[in-house]
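Chemist: Here you go, one structure.
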Amino acid sequence: MQTLSVIVPCYNEEAVIQEFYNRTKHVLTSLKDVDGYIIFINDGSKDNTKYILNLIASRDEKVKVLHFSRNFGHQPAVTAGMNNCTTDMAVIIDADLQDPPELIPDLIDTHRKEEASVVFCVRKKREGETFFKKLTAKLFYKTMNSLSEVEFPRDTGDFRLVDRKAIDAFNALKEKGKYIRGLISWIGFKQVPFYYNRDARFAGETKYPLKKMLTFAKTALLYFSKKPLMLSVSLGSLAFFIGIVYALWVWLGHLFGFTNVITGWSSTVIIIIFFGGVQLITIGVLGQYIGVLFDEVKSRPEYIIDEKINFEE
Ligand code: UDP
Ligand code: MG
């Protein structure tokens, strides 16, 4: 019999966990030829998530729980689940029931029929999400695809099935700043899409405020594209070109008397401000990459586990 882990990152999800467990457990018990486990990762929640998870795990030995020592973020939580899962396959899913656990049997079917290592879920519709969220998501995927070296499927979250081959490949990756959906695309093997409608959040509110969204987008961009570094080359060339044209204009203007800028100071100030800006922007971009290098060189762990429940040693 094959085994499956459902990997669920949870941050302040007291309002949804019990319902998530009920629905998922129901699906897992209905699977005849798959032995299903659930790994909850409590990402340093400040509400009752911890107690609810401990209670569920005390009654169901197929529920495993990892408690983080603090909030490390969604991607480290999923990573911890991947690192700690020993089953033949895993499904990564959000706790808020936006991704219906009832689709798990279909994912397994697709995985078997297509002999695919990865079945990634593509959102046809996104219910209950704000216009702003959809717009920023769209812009984000567009930019990522034009900038990065790997092609990312659009409208795809982390909701997907991965088999042992993909899990092992993922776990072998050493980088600490993980953009998981990008990395899973990057590892290759056979990957097939699965289309579904994304529901509205069951309860509670999004745990991705704008600040976390921006950090997430930044990691994706910096880890998957070197094109922003080209910015300094492009801006530098542009500035160089403008400089030459301007110098010619001033010189000819002086010779033929069609401009008196040579005596003006505003032109000088404008040039200083403009090129000051260009330089700061390019240094800023460089700084972002150095920041990433700094973090990777320090090589701190992505997460720290405070407690493990129902894991055998
Ligand atoms: N999450 C987490 N740590 C965080 C933020 C979010 O583990 O710091 C989890 C959250 O509990 C949920 C999933 O990541 O299971 C996706 O978050 P959410 O549904 O709030 O994001 P959205 O669907 O609004 O993009
Ligand atoms: Mg959600």
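Ordered as shown in the structure tokens, chains take letters A, B, and onward, while each chain numbers its residues from 1 and ligands are numbered from 1 in the order shown.
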Can I get the residues close to ligand 1 as a list in words, where close means within 7 Å and we count only C-alpha atoms and all ligand atoms?

Modeler: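 The distance check yields Val8, Pro9, Cys10, Tyr11, Asn12, Glu13, Asn42, Asp43, Asn71, Phe72, Gly73, His74, Ala77, Asp94, Ala95, Asp96, Gln98, Arg201, Glu205, Thr206, Lys207 and Tyr208 of chain A.
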
Chemist: I need the chosen residues saved as a tab-separated table (two decimals), in the first residue's frame, with N, CA and C atoms.

Modeler:
```tsv
chain	number	residue	atom	x	y	z
A	8	VAL	N	0.31	20.61	5.93
A	8	VAL	CA	-0.54	21.76	6.17
A	8	VAL	C	0.14	22.82	7.05
A	9	PRO	N	0.57	23.95	6.46
A	9	PRO	CA	1.12	25.03	7.28
A	9	PRO	C	-0.01	25.78	7.97
A	10	CYS	N	0.15	26.09	9.23
A	10	CYS	CA	-0.93	26.79	9.97
A	10	CYS	C	-0.37	27.96	10.75
A	11	TYR	N	-0.93	29.11	10.54
A	11	TYR	CA	-0.56	30.28	11.34
A	11	TYR	C	-1.85	30.95	11.80
A	12	ASN	N	-2.09	30.92	13.09
A	12	ASN	CA	-3.31	31.50	13.67
A	12	ASN	C	-4.56	31.02	12.95
A	13	GLU	N	-4.71	29.72	12.85
A	13	GLU	CA	-5.84	29.17	12.11
A	13	GLU	C	-6.85	28.48	13.02
A	42	ASN	N	2.68	24.04	12.88
A	42	ASN	CA	2.21	25.22	13.57
A	42	ASN	C	3.32	26.26	13.54
A	43	ASP	N	3.11	27.27	12.69
A	43	ASP	CA	4.15	28.26	12.42
A	43	ASP	C	4.13	29.37	13.47
A	71	ASN	N	7.13	32.39	14.57
A	71	ASN	CA	6.61	32.48	13.21
A	71	ASN	C	7.75	32.65	12.22
A	72	PHE	N	7.97	31.61	11.41
A	72	PHE	CA	9.04	31.67	10.42
A	72	PHE	C	8.50	31.95	9.02
A	73	GLY	N	7.21	31.76	8.82
A	73	GLY	CA	6.63	32.04	7.51
A	73	GLY	C	6.10	30.79	6.82
A	74	HIS	N	5.25	31.03	5.85
A	74	HIS	CA	4.56	29.97	5.12
A	74	HIS	C	5.54	29.02	4.42
A	77	ALA	N	7.46	26.78	6.66
A	77	ALA	CA	6.56	25.78	7.25
A	77	ALA	C	6.36	24.61	6.28
A	94	ASP	N	-3.28	24.43	1.86
A	94	ASP	CA	-3.47	25.45	2.90
A	94	ASP	C	-4.50	24.97	3.91
A	95	ALA	N	-4.40	25.52	5.12
A	95	ALA	CA	-5.30	25.09	6.18
A	95	ALA	C	-6.69	25.70	6.04
A	96	ASP	N	-6.82	26.77	5.26
A	96	ASP	CA	-8.07	27.55	5.29
A	96	ASP	C	-9.16	27.00	4.38
A	98	GLN	N	-9.31	26.78	1.27
A	98	GLN	CA	-9.47	27.41	-0.05
A	98	GLN	C	-9.20	26.39	-1.13
A	201	ARG	N	-11.94	31.55	1.60
A	201	ARG	CA	-11.45	31.08	2.90
A	201	ARG	C	-12.63	30.65	3.76
A	205	GLU	N	-9.14	35.36	8.63
A	205	GLU	CA	-8.74	36.22	7.52
A	205	GLU	C	-7.37	35.84	7.00
A	206	THR	N	-7.00	36.44	5.86
A	206	THR	CA	-5.74	36.06	5.23
A	206	THR	C	-4.56	36.30	6.18
A	207	LYS	N	-3.60	35.39	6.14
A	207	LYS	CA	-2.40	35.53	6.96
A	207	LYS	C	-1.26	36.11	6.11
A	208	TYR	N	-1.66	36.62	4.94
A	208	TYR	CA	-0.68	37.23	4.04
A	208	TYR	C	-0.97	38.71	3.89
```

Chemist: Pull the helix (DSSP H, G or I) assignments for range 81-291 of chain A out of DSSP run on the backbone, and list those residues as a VMD selection string.

Modeler: chain A and resid 81 to 83 101 to 114 131 to 147 164 to 171 180 to 187 210 to 224 227 to 256 261 to 263 266 to 291

Chemist: Find the residues near Tyr195 in chain A: any atom within 8 Å, counting only C-alpha atoms, skip ones fewer than 4 places away on the same chain, and give them as a ChimeraX atom specification.

Modeler: /A:121-124

Chemist: Would you mind exporting the chosen residues as a compact mmCIF listing (two decimals), in the first residue's frame, restricted to N, CA, C and O atoms?

Modeler:
```
# COMPACT_ATOMS: atom_id res chain seq x y z
N CYS A 121 -1.83 22.22 -9.04
CA CYS A 121 -3.21 22.63 -9.20
C CYS A 121 -3.30 24.05 -9.71
O CYS A 121 -2.67 24.95 -9.16
N VAL A 122 -4.05 24.23 -10.76
CA VAL A 122 -4.19 25.54 -11.39
C VAL A 122 -5.58 26.08 -11.10
O VAL A 122 -6.57 25.39 -11.30
N ARG A 123 -5.63 27.33 -10.63
CA ARG A 123 -6.91 27.91 -10.24
C ARG A 123 -7.66 28.40 -11.47
O ARG A 123 -7.15 29.24 -12.21
N LYS A 124 -8.89 27.87 -11.64
CA LYS A 124 -9.71 28.37 -12.72
C LYS A 124 -10.41 29.63 -12.25
O LYS A 124 -10.47 30.63 -12.93
```

Chemist: Can you tell me, as a PyMOL selection string, which residues in range 35-259 of chain A count as strand (DSSP E or B) by DSSP?

Modeler: chain A and resi 35-42+63-68+89-92+118-126+156-163+191-198

Chemist: Can you pull out every residue within 8 Å of Arg70 in chain A, counting only C-alpha atoms, but drop anything in the same chain fewer than 3 positions away, and send it as a list in words?

Modeler: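 Those residues are Asp43, Gly44, Ser45 and Ile304 of chain A.
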
Chemist: With only C-alpha atoms as the counted atoms, please give the residues lying no more than 10 Å from Lys308 in chain A, apart from itself and same-chain residues fewer than 3 positions off, as a count of residues only.

Modeler: 10

Chemist: Looking at only C-alpha atoms, which of A:Thr86, A:Ala247, A:Val6, A:Met144 is the one that sits closest to Ile271 in chain A?

Modeler: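 Among the listed residues, the smallest separation from Ile271 in chain A belongs to A:Ala247.
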
Chemist: Quick check, in Å to one decimal: how far apart do CA of Val91 in chain A and CA of Arg160 in chain A lie?

Modeler: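 Taking CA of Val91 in chain A as the start and CA of Arg160 in chain A as the end point, the length is 5.6 Å.
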
Chemist: Near Val63 in chain A, within 10 Å and counting only C-alpha atoms, which residues show up once chain neighbours fewer than 6 positions away are dropped, as a count of residues only?

Modeler: 16

Chemist: How many Å separate CA of Phe194 in chain A from CA of Asp35 in chain A?

Modeler: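 Answer for the CA of Phe194 in chain A to CA of Asp35 in chain A separation: 22.2 Å.
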
Chemist: Please provide the set of residues having any atom within 8 Å of Lys125 in chain A, restricted to only C-alpha atoms, with same-chain residues fewer than 6 positions apart removed, written as a PDB file with C-alpha atoms, in the first residue's frame.

Modeler:
```pdb
ATOM      1  CA  TYR A 196      -9.904  23.460 -10.053  1.00  0.00           C
ATOM      2  CA  ASN A 197     -11.993  26.267  -8.605  1.00  0.00           C
ATOM      3  CA  ARG A 198     -10.477  27.943  -5.605  1.00  0.00           C
TER       4      ARG A 198
END
```
